[in-house]
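Q: Next comes protein29.pdb, PDB, C-alpha atoms, pLDDT in the B column:
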ATOM      1  CA  ASP A  10     115.278  81.609  93.113  1.00 49.00           C
ATOM      2  CA  THR A  11     112.560  84.048  94.003  1.00 58.00           C
ATOM      3  CA  GLU A  12     109.737  82.780  96.197  1.00 91.00           C
ATOM      4  CA  VAL A  13     107.249  85.049  94.455  1.00 96.00           C
ATOM      5  CA  THR A  14     106.722  84.049  90.840  1.00 97.00           C
ATOM      6  CA  GLN A  15     105.480  86.505  88.245  1.00 97.00           C
ATOM      7  CA  THR A  16     104.413  85.647  84.715  1.00 97.00           C
ATOM      8  CA  PRO A  17     105.019  86.647  82.051  1.00 97.00           C
ATOM      9  CA  LYS A  18     108.469  88.228  82.422  1.00 96.00           C
ATOM     10  CA  HIS A  19     107.860  90.448  79.402  1.00 97.00           C
ATOM     11  CA  LEU A  20     104.638  91.570  77.741  1.00 96.00           C
ATOM     12  CA  VAL A  21     104.061  93.722  74.685  1.00 95.00           C
ATOM     13  CA  MET A  22     100.485  94.701  73.990  1.00 93.00           C
ATOM     14  CA  GLY A  23      98.491  97.151  71.970  1.00 90.00           C
ATOM     15  CA  MET A  24      96.223  99.751  73.478  1.00 89.00           C
ATOM     16  CA  THR A  25      93.085  97.767  72.609  1.00 88.00           C
ATOM     17  CA  ASN A  26      94.301  94.420  73.961  1.00 89.00           C
ATOM     18  CA  LYS A  27      93.225  92.682  77.154  1.00 94.00           C
ATOM     19  CA  LYS A  28      95.893  90.807  79.056  1.00 96.00           C
ATOM     20  CA  SER A  29      96.612  89.669  82.605  1.00 97.00           C
ATOM     21  CA  LEU A  30      99.676  89.639  84.818  1.00 98.00           C
ATOM     22  CA  LYS A  31      99.953  86.780  87.281  1.00 98.00           C
ATOM     23  CA  CYS A  32     101.661  86.465  90.641  1.00 98.00           C
ATOM     24  CA  GLU A  33     101.946  83.383  92.853  1.00 98.00           C
ATOM     25  CA  GLN A  34     103.424  82.664  96.282  1.00 97.00           C
ATOM     26  CA  HIS A  35     103.280  79.578  98.478  1.00 94.00           C
ATOM     27  CA  MET A  36     104.752  81.002 101.669  1.00 95.00           C
ATOM     28  CA  GLY A  37     101.398  81.324 103.419  1.00 94.00           C
ATOM     29  CA  HIS A  38     101.565  85.094 103.202  1.00 95.00           C
ATOM     30  CA  ARG A  39      98.246  86.877 103.690  1.00 95.00           C
ATOM     31  CA  ALA A  40      99.135  90.242 102.174  1.00 95.00           C
ATOM     32  CA  MET A  41      99.904  90.754  98.492  1.00 96.00           C
ATOM     33  CA  TYR A  42     100.846  93.897  96.615  1.00 96.00           C
ATOM     34  CA  TRP A  43     101.107  95.339  93.129  1.00 97.00           C
ATOM     35  CA  TYR A  44     103.679  98.047  92.398  1.00 96.00           C
ATOM     36  CA  LYS A  45     104.470  99.997  89.237  1.00 96.00           C
ATOM     37  CA  GLN A  46     108.038 101.135  88.638  1.00 94.00           C
ATOM     38  CA  LYS A  47     109.247 103.464  85.916  1.00 93.00           C
ATOM     39  CA  ALA A  48     112.948 103.830  85.083  1.00 88.00           C
ATOM     40  CA  LYS A  49     114.980 105.621  87.780  1.00 85.00           C
ATOM     41  CA  LYS A  50     111.843 106.063  89.894  1.00 89.00           C
ATOM     42  CA  PRO A  51     110.762 104.349  93.108  1.00 90.00           C
ATOM     43  CA  PRO A  52     108.268 101.486  93.059  1.00 92.00           C
ATOM     44  CA  GLU A  53     104.803 103.042  93.398  1.00 93.00           C
ATOM     45  CA  LEU A  54     102.184 101.143  95.339  1.00 93.00           C
ATOM     46  CA  MET A  55      99.058 100.353  93.314  1.00 96.00           C
ATOM     47  CA  PHE A  56      97.013  97.831  95.283  1.00 95.00           C
ATOM     48  CA  VAL A  57      97.163  95.905  98.543  1.00 94.00           C
ATOM     49  CA  TYR A  58      95.228  92.727  99.245  1.00 96.00           C
ATOM     50  CA  SER A  59      94.887  91.764 102.865  1.00 94.00           C
ATOM     51  CA  TYR A  60      93.464  88.286 103.590  1.00 95.00           C
ATOM     52  CA  GLU A  61      92.221  88.125  99.986  1.00 95.00           C
ATOM     53  CA  LYS A  62      90.325  91.401 100.266  1.00 95.00           C
ATOM     54  CA  LEU A  63      91.319  94.621  98.528  1.00 95.00           C
ATOM     55  CA  SER A  64      92.403  96.949 101.319  1.00 91.00           C
ATOM     56  CA  ILE A  65      94.271  99.710  99.487  1.00 87.00           C
ATOM     57  CA  ASN A  66      93.717 101.138  96.010  1.00 89.00           C
ATOM     58  CA  GLU A  67      96.039 104.068  95.418  1.00 88.00           C
ATOM     59  CA  SER A  68      93.656 105.830  93.007  1.00 89.00           C
ATOM     60  CA  VAL A  69      94.699 103.559  90.173  1.00 94.00           C
ATOM     61  CA  PRO A  70      92.815 104.034  86.858  1.00 95.00           C
ATOM     62  CA  SER A  71      90.102 101.463  86.204  1.00 94.00           C
ATOM     63  CA  ARG A  72      91.986 100.116  83.188  1.00 95.00           C
ATOM     64  CA  PHE A  73      93.962  98.196  85.845  1.00 97.00           C
ATOM     65  CA  SER A  74      91.784  95.633  87.615  1.00 97.00           C
ATOM     66  CA  PRO A  75      93.251  93.488  90.406  1.00 97.00           C
ATOM     67  CA  GLU A  76      91.931  90.107  91.442  1.00 97.00           C
ATOM     68  CA  CYS A  77      92.883  87.781  94.271  1.00 96.00           C
ATOM     69  CA  PRO A  78      91.289  84.357  93.558  1.00 95.00           C
ATOM     70  CA  ASN A  79      92.869  82.756  96.641  1.00 93.00           C
ATOM     71  CA  SER A  80      95.565  83.393  99.210  1.00 91.00           C
ATOM     72  CA  SER A  81      98.343  82.247  96.857  1.00 96.00           C
ATOM     73  CA  LEU A  82      97.395  84.042  93.659  1.00 97.00           C
ATOM     74  CA  LEU A  83      97.180  87.647  92.597  1.00 98.00           C
ATOM     75  CA  ASN A  84      96.239  88.828  89.130  1.00 98.00           C
ATOM     76  CA  LEU A  85      96.308  92.210  87.465  1.00 98.00           C
ATOM     77  CA  HIS A  86      93.925  92.487  84.511  1.00 97.00           C
ATOM     78  CA  LEU A  87      94.853  95.061  81.903  1.00 96.00           C
ATOM     79  CA  HIS A  88      92.519  96.669  79.373  1.00 94.00           C
ATOM     80  CA  ALA A  89      92.821  99.707  77.115  1.00 93.00           C
ATOM     81  CA  LEU A  90      96.193 100.723  78.500  1.00 93.00           C
ATOM     82  CA  GLN A  91      98.036 103.853  77.442  1.00 94.00           C
ATOM     83  CA  PRO A  92     101.678 104.172  76.340  1.00 94.00           C
ATOM     84  CA  GLU A  93     102.517 105.847  79.670  1.00 95.00           C
ATOM     85  CA  ASP A  94     101.520 102.605  81.405  1.00 96.00           C
ATOM     86  CA  SER A  95     104.695 100.991  80.050  1.00 97.00           C
ATOM     87  CA  ALA A  96     106.699 100.091  83.148  1.00 96.00           C
ATOM     88  CA  LEU A  97     107.963  97.271  85.326  1.00 96.00           C
ATOM     89  CA  TYR A  98     105.131  95.782  87.378  1.00 97.00           C
ATOM     90  CA  LEU A  99     106.248  94.192  90.618  1.00 97.00           C
ATOM     91  CA  CYS A 100     104.258  91.839  92.793  1.00 97.00           C
ATOM     92  CA  ALA A 101     105.145  91.343  96.451  1.00 96.00           C
ATOM     93  CA  SER A 102     103.823  89.448  99.446  1.00 96.00           C
ATOM     94  CA  SER A 103     104.280  89.639 103.198  1.00 95.00           C
ATOM     95  CA  LEU A 104     103.210  87.479 106.112  1.00 94.00           C
ATOM     96  CA  THR A 105     100.705  90.094 107.265  1.00 92.00           C
ATOM     97  CA  PRO A 106      99.872  93.584 105.976  1.00 89.00           C
ATOM     98  CA  VAL A 107     101.685  95.320 108.829  1.00 84.00           C
ATOM     99  CA  GLY A 108     104.532  97.559 107.665  1.00 82.00           C
ATOM    100  CA  ASN A 109     107.268  95.916 109.700  1.00 85.00           C
ATOM    101  CA  GLN A 110     106.792  92.663 107.805  1.00 91.00           C
ATOM    102  CA  PRO A 111     109.364  92.455 105.001  1.00 93.00           C
ATOM    103  CA  GLN A 112     107.890  92.161 101.559  1.00 95.00           C
ATOM    104  CA  HIS A 113     109.084  89.430  99.237  1.00 96.00           C
ATOM    105  CA  PHE A 114     109.187  90.628  95.653  1.00 96.00           C
ATOM    106  CA  GLY A 115     108.902  88.823  92.368  1.00 96.00           C
ATOM    107  CA  ASP A 116     111.242  89.675  89.518  1.00 95.00           C
ATOM    108  CA  GLY A 117     108.552  91.712  87.804  1.00 96.00           C
ATOM    109  CA  THR A 118     106.794  91.845  84.459  1.00 97.00           C
ATOM    110  CA  ARG A 119     108.184  94.381  82.025  1.00 97.00           C
ATOM    111  CA  LEU A 120     105.198  95.764  80.155  1.00 97.00           C
ATOM    112  CA  SER A 121     105.395  97.691  76.902  1.00 96.00           C
ATOM    113  CA  ILE A 122     102.335  99.353  75.401  1.00 94.00           C
ATOM    114  CA  LEU A 123     102.500 100.012  71.681  1.00 90.00           C
TER     115      LEU A 123
ATOM    116  CA  ASP B  18     104.975 114.293  96.367  1.00 67.00           C
ATOM    117  CA  GLN B  19     107.719 111.884  97.250  1.00 82.00           C
ATOM    118  CA  GLN B  20     107.508 111.116 100.927  1.00 92.00           C
ATOM    119  CA  VAL B  21     110.739 109.153 100.895  1.00 95.00           C
ATOM    120  CA  LYS B  22     113.836 110.515  99.216  1.00 95.00           C
ATOM    121  CA  GLN B  23     117.240 109.103  98.438  1.00 96.00           C
ATOM    122  CA  ASN B  24     119.155 112.103  97.204  1.00 92.00           C
ATOM    123  CA  SER B  25     122.243 110.269  95.993  1.00 95.00           C
ATOM    124  CA  PRO B  26     121.531 108.313  92.812  1.00 95.00           C
ATOM    125  CA  SER B  27     124.904 106.600  93.001  1.00 97.00           C
ATOM    126  CA  LEU B  28     127.780 105.855  95.350  1.00 98.00           C
ATOM    127  CA  SER B  29     131.178 104.295  94.661  1.00 98.00           C
ATOM    128  CA  VAL B  30     133.425 102.914  97.401  1.00 98.00           C
ATOM    129  CA  GLN B  31     136.554 100.802  97.621  1.00 98.00           C
ATOM    130  CA  GLU B  32     136.335  97.212  98.798  1.00 98.00           C
ATOM    131  CA  GLY B  33     136.862  96.991 102.550  1.00 97.00           C
ATOM    132  CA  ARG B  34     135.752 100.561 103.241  1.00 98.00           C
ATOM    133  CA  ILE B  35     132.434 101.714 104.689  1.00 98.00           C
ATOM    134  CA  SER B  36     129.422 102.421 102.484  1.00 98.00           C
ATOM    135  CA  ILE B  37     126.874 104.887 103.841  1.00 98.00           C
ATOM    136  CA  LEU B  38     123.535 105.177 102.094  1.00 98.00           C
ATOM    137  CA  ASN B  39     121.122 107.892 103.164  1.00 98.00           C
ATOM    138  CA  CYS B  40     117.368 108.281 103.123  1.00 98.00           C
ATOM    139  CA  ASP B  41     115.061 111.124 104.207  1.00 98.00           C
ATOM    140  CA  TYR B  42     111.334 111.005 104.819  1.00 97.00           C
ATOM    141  CA  THR B  43     108.694 113.634 105.395  1.00 96.00           C
ATOM    142  CA  ASN B  44     105.991 111.965 107.482  1.00 94.00           C
ATOM    143  CA  SER B  45     106.754 111.898 111.192  1.00 94.00           C
ATOM    144  CA  MET B  46     103.999 109.312 111.684  1.00 94.00           C
ATOM    145  CA  PHE B  47     105.936 106.582 109.888  1.00 95.00           C
ATOM    146  CA  ASP B  48     106.691 103.693 112.237  1.00 95.00           C
ATOM    147  CA  TYR B  49     108.626 101.237 110.079  1.00 96.00           C
ATOM    148  CA  PHE B  50     111.690 101.635 107.928  1.00 97.00           C
ATOM    149  CA  LEU B  51     113.187  98.943 105.717  1.00 96.00           C
ATOM    150  CA  TRP B  52     116.097  98.653 103.335  1.00 97.00           C
ATOM    151  CA  TYR B  53     115.957  96.506 100.223  1.00 97.00           C
ATOM    152  CA  LYS B  54     118.694  95.505  97.807  1.00 97.00           C
ATOM    153  CA  LYS B  55     118.086  94.951  94.112  1.00 94.00           C
ATOM    154  CA  TYR B  56     120.265  93.211  91.550  1.00 93.00           C
ATOM    155  CA  PRO B  57     119.601  93.709  87.806  1.00 89.00           C
ATOM    156  CA  ALA B  58     116.658  91.732  86.414  1.00 86.00           C
ATOM    157  CA  GLU B  59     115.592  90.665  89.910  1.00 90.00           C
ATOM    158  CA  GLY B  60     113.027  91.999  92.343  1.00 91.00           C
ATOM    159  CA  PRO B  61     114.123  93.829  95.509  1.00 93.00           C
ATOM    160  CA  THR B  62     115.133  91.629  98.446  1.00 95.00           C
ATOM    161  CA  PHE B  63     114.775  92.604 102.072  1.00 95.00           C
ATOM    162  CA  LEU B  64     117.971  93.549 103.863  1.00 97.00           C
ATOM    163  CA  ILE B  65     117.322  95.083 107.279  1.00 97.00           C
ATOM    164  CA  SER B  66     114.644  97.047 109.106  1.00 96.00           C
ATOM    165  CA  ILE B  67     114.128  99.308 112.079  1.00 97.00           C
ATOM    166  CA  SER B  68     111.064 100.550 113.911  1.00 95.00           C
ATOM    167  CA  SER B  69     110.513 104.033 115.257  1.00 95.00           C
ATOM    168  CA  ILE B  70     111.101 102.922 118.848  1.00 95.00           C
ATOM    169  CA  LYS B  71     114.754 102.199 118.076  1.00 96.00           C
ATOM    170  CA  ASP B  72     117.618 104.277 116.741  1.00 96.00           C
ATOM    171  CA  LYS B  73     119.932 101.486 115.641  1.00 97.00           C
ATOM    172  CA  ASN B  74     119.658  97.949 114.348  1.00 97.00           C
ATOM    173  CA  GLU B  75     122.604  95.789 113.399  1.00 98.00           C
ATOM    174  CA  ASP B  76     122.811  92.587 111.375  1.00 97.00           C
ATOM    175  CA  GLY B  77     126.298  91.429 110.543  1.00 97.00           C
ATOM    176  CA  ARG B  78     127.958  93.933 108.212  1.00 98.00           C
ATOM    177  CA  PHE B  79     124.760  95.981 107.921  1.00 98.00           C
ATOM    178  CA  THR B  80     123.619  98.626 110.401  1.00 98.00           C
ATOM    179  CA  VAL B  81     120.660 100.935 110.049  1.00 98.00           C
ATOM    180  CA  PHE B  82     120.502 104.180 112.012  1.00 98.00           C
ATOM    181  CA  LEU B  83     117.311 106.173 112.536  1.00 98.00           C
ATOM    182  CA  ASN B  84     117.242 109.853 113.501  1.00 97.00           C
ATOM    183  CA  LYS B  85     113.579 110.619 114.094  1.00 96.00           C
ATOM    184  CA  SER B  86     114.035 114.295 114.813  1.00 96.00           C
ATOM    185  CA  ALA B  87     115.794 114.760 111.480  1.00 97.00           C
ATOM    186  CA  LYS B  88     113.512 112.262 109.706  1.00 97.00           C
ATOM    187  CA  HIS B  89     116.608 110.585 108.385  1.00 98.00           C
ATOM    188  CA  LEU B  90     117.879 107.058 108.216  1.00 97.00           C
ATOM    189  CA  SER B  91     121.081 105.608 106.946  1.00 98.00           C
ATOM    190  CA  LEU B  92     122.445 102.199 106.059  1.00 98.00           C
ATOM    191  CA  HIS B  93     126.055 101.438 106.868  1.00 98.00           C
ATOM    192  CA  ILE B  94     127.822  98.517 105.231  1.00 98.00           C
ATOM    193  CA  VAL B  95     131.217  97.652 106.635  1.00 97.00           C
ATOM    194  CA  PRO B  96     133.382  96.234 105.275  1.00 98.00           C
ATOM    195  CA  SER B  97     131.963  96.723 101.780  1.00 98.00           C
ATOM    196  CA  GLN B  98     132.387  93.832  99.351  1.00 98.00           C
ATOM    197  CA  PRO B  99     132.101  93.729  95.534  1.00 97.00           C
ATOM    198  CA  GLY B 100     129.008  91.517  95.901  1.00 96.00           C
ATOM    199  CA  ASP B 101     127.274  94.416  97.662  1.00 97.00           C
ATOM    200  CA  SER B 102     127.159  96.274  94.341  1.00 97.00           C
ATOM    201  CA  ALA B 103     123.436  96.753  93.708  1.00 97.00           C
ATOM    202  CA  VAL B 104     120.659  99.322  93.935  1.00 96.00           C
ATOM    203  CA  TYR B 105     119.517  99.979  97.496  1.00 98.00           C
ATOM    204  CA  PHE B 106     115.993 101.183  98.226  1.00 97.00           C
ATOM    205  CA  CYS B 107     114.750 102.529 101.509  1.00 97.00           C
ATOM    206  CA  ALA B 108     111.076 102.193 102.365  1.00 96.00           C
ATOM    207  CA  ALA B 109     109.093 103.888 105.097  1.00 95.00           C
ATOM    208  CA  GLY B 110     105.515 103.840 106.292  1.00 92.00           C
ATOM    209  CA  ASN B 111     103.024 101.954 108.401  1.00 90.00           C
ATOM    210  CA  ASN B 112     100.779  99.605 106.435  1.00 81.00           C
ATOM    211  CA  ASP B 113     101.490 101.059 103.000  1.00 83.00           C
ATOM    212  CA  MET B 114     105.185 101.466 102.448  1.00 89.00           C
ATOM    213  CA  ARG B 115     106.663 104.299 100.386  1.00 92.00           C
ATOM    214  CA  PHE B 116     109.897 103.712  98.537  1.00 94.00           C
ATOM    215  CA  GLY B 117     112.779 105.989  97.700  1.00 95.00           C
ATOM    216  CA  ALA B 118     114.144 106.105  94.160  1.00 94.00           C
ATOM    217  CA  GLY B 119     117.190 104.041  95.067  1.00 95.00           C
ATOM    218  CA  THR B 120     120.952 104.508  95.280  1.00 97.00           C
ATOM    219  CA  ARG B 121     123.247 102.486  93.027  1.00 97.00           C
ATOM    220  CA  LEU B 122     126.207 101.274  95.067  1.00 98.00           C
ATOM    221  CA  THR B 123     129.368 100.173  93.290  1.00 98.00           C
ATOM    222  CA  VAL B 124     132.061  98.512  95.366  1.00 98.00           C
ATOM    223  CA  LYS B 125     135.374  98.450  93.528  1.00 97.00           C
ATOM    224  CA  PRO B 126     137.863  95.616  94.156  1.00 93.00           C
TER     225      PRO B 126
END
Can I see the file as structure tokens?

A:
Amino acid sequence: DTEVTQTPKHLVMGMTNKKSLKCEQHMGHRAMYWYKQKAKKPPELMFVYSYEKLSINESVPSRFSPECPNSSLLNLHLHALQPEDSALYLCASSLTPVGNQPQHFGDGTRLSIL
Amino acid sequence: DQQVKQNSPSLSVQEGRISILNCDYTNSMFDYFLWYKKYPAEGPTFLISISSIKDKNEDGRFTVFLNKSAKHLSLHIVPSQPGDSAVYFCAAGNNDMRFGAGTRLTVKP
């Protein structure tokens, strides 16, 4: 059982839809991450939240909008996505945002854009 | 530009033998290096790490070696077991970790 829970597991949406990906952890971790992973490629960092504040945005297009309502929850709001945005979206958390802290990953949301 | 590279997409070894997975990085300022293991339909799970002040870290059957001058790290698994069959990712960085593309390890009984 993963300690980081992502919902939904699968999502199919059209390019004009608005949807949200959700991520939850109850380990008391203060850093949370969104990654995008395409097939046979490494996970690519999108956003880092540190103590509920956005600390890193890796030049992600504005059609992806992260939100951290509290220390346990992380959302990724999606709007007007493109077919190339189809990928596996992974959420992770770590005790602190320092690199030597292992990240705990969810099982991901597989997103398909029609 | 990929700052972390795993040049072998796959590796097959016999049960009981040693598995050696390799990883190269480009940024000499990286301080932390981690290995993750991923089973199908699951997220990566942390395996072992090493910081730049060390050149070896061992945890049971898993040992990570760091060669800073070559900007190279490797993960040794010995003895390899069929349950080790998975995709292994290396990650390197400081506060924002960069991942390699992964190596699929198959351990044959």

Q: So which residues get picked by the ChimeraX specification (/B :<8) & /A here, written as a list in words?

A: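 Evaluating the ChimeraX specification (/B :<8) & /A on these coordinates yields Lys49, Lys50, Pro51, Pro52, Glu53, Leu54, Leu99, Pro106, Val107, Gly108, Asn109, Pro111, Gln112, His113, Phe114, Gly115, Asp116 and Gly117 of chain A.
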
Q: Neighbours of Phe56 (chain A) within 9 Å (only C-alpha atoms; same-chain residues fewer than 2 positions away dropped), as a compact mmCIF listing (two decimals) with C-alpha atoms, in the frame of the given file?

A:
# COMPACT_ATOMS: atom_id res chain seq x y z
CA MET A 41 99.90 90.75 98.49
CA TYR A 42 100.85 93.90 96.62
CA TRP A 43 101.11 95.34 93.13
CA TYR A 44 103.68 98.05 92.40
CA LEU A 54 102.18 101.14 95.34
CA TYR A 58 95.23 92.73 99.24
CA LEU A 63 91.32 94.62 98.53
CA SER A 64 92.40 96.95 101.32
CA ILE A 65 94.27 99.71 99.49
CA ASN A 66 93.72 101.14 96.01
CA GLU A 67 96.04 104.07 95.42
CA SER A 68 93.66 105.83 93.01
CA VAL A 69 94.70 103.56 90.17
CA PRO A 75 93.25 93.49 90.41

Q: Quick one: pull the distance between CA of Ser74 (chain A) and CA of Leu30 (chain A), Å, one decimal.

A: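 Going from CA of Ser74 (chain A) over to CA of Leu30 (chain A) covers 10.3 Å.
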
Q: Please indicate the distance in Å from CA of Val57 (chain A) to CA of Asn74 (chain B), rounded to one decimal place.

A: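 These two atoms are separated by 27.6 Å.
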
Q: What separation in Å, quoted to one decimal, exists between CA of Arg78 (chain B) and CA of His93 (chain B)?

A: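 Separation of CA of Arg78 (chain B) and CA of His93 (chain B): 7.9 Å.
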
Q: If the PyMOL selection byres ((chain A and resi 14) around 12) were run on this exact file, what residues would it hold? Put them as a PyMOL selection string.

A: (chain A and resi 10-13+15-18+30-36+81-84+99-102+113-118) or (chain B and resi 59-60)

Q: Give me the residues near Val124 (chain B) as a PDB file with C-alpha atoms, in the coordinates of the input, where near means some atom within 6 Å (using all atoms listed in the file) and where sequence neighbours in that chain fewer than 2 positions away do not count.

A:
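Okay, out01.pdb is ready:
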ATOM      1  CA  SER B  29     131.178 104.295  94.661  1.00 98.00           C
ATOM      2  CA  VAL B  30     133.425 102.914  97.401  1.00 98.00           C
ATOM      3  CA  GLN B  31     136.554 100.802  97.621  1.00 98.00           C
ATOM      4  CA  GLU B  32     136.335  97.212  98.798  1.00 98.00           C
ATOM      5  CA  PRO B  99     132.101  93.729  95.534  1.00 97.00           C
ATOM      6  CA  SER B 102     127.159  96.274  94.341  1.00 97.00           C
TER       7      SER B 102
END

Q: For the provided coordinates, the residues matched by the PyMOL selection byres ((chain B and resi 33) around 8) should be stated as a PyMOL selection string.

A: chain B and resi 31-32+34-35+95-98

Q: Counting all atoms listed in the file, figure out which residue out of A:Leu104, A:Ile122, A:Ala96, A:Ala89 gets nearest to Ala48 (chain A).

A: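 Looking only at the distances to Ala48 (chain A), the closest residue turns out to be A:Ala96.
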
Q: Pick out the residues sitting within 7 Å of region 21-29 of chain A, and hand them over as JSON, numbers by chain; count only C-alpha atoms, and ignore anything fewer than 2 positions along from it in its own chain.

A: {"A": [19, 31, 84, 85, 86, 87, 88, 89, 90, 91, 120, 121, 122, 123]}

Q: Got a sec: who's within 7 Å of Arg39 (chain A), counting only C-alpha atoms, leaving out chain neighbours fewer than 2 positions off, as an MDAnalysis selection string?

A: chainID A and resid 37 41 59:60 80 103:105

Q: Padding 8 Å on each side, edges along x, y and z: where is the centre of the box around the listed atoms of region 31-40 of chain A, and how long are its edges in Å to one decimal? Output it as JSON.

A:
{"center_x": 101.5, "center_y": 84.9, "center_z": 95.5, "size_x": 22.5, "size_y": 26.7, "size_z": 32.4}

Q: Pick from B:Ile70, B:Leu122, B:Leu83, B:Leu92: nearest to Ile37 (chain B), with all atoms listed in the file counted?

A: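 Closest candidate: B:Leu92.
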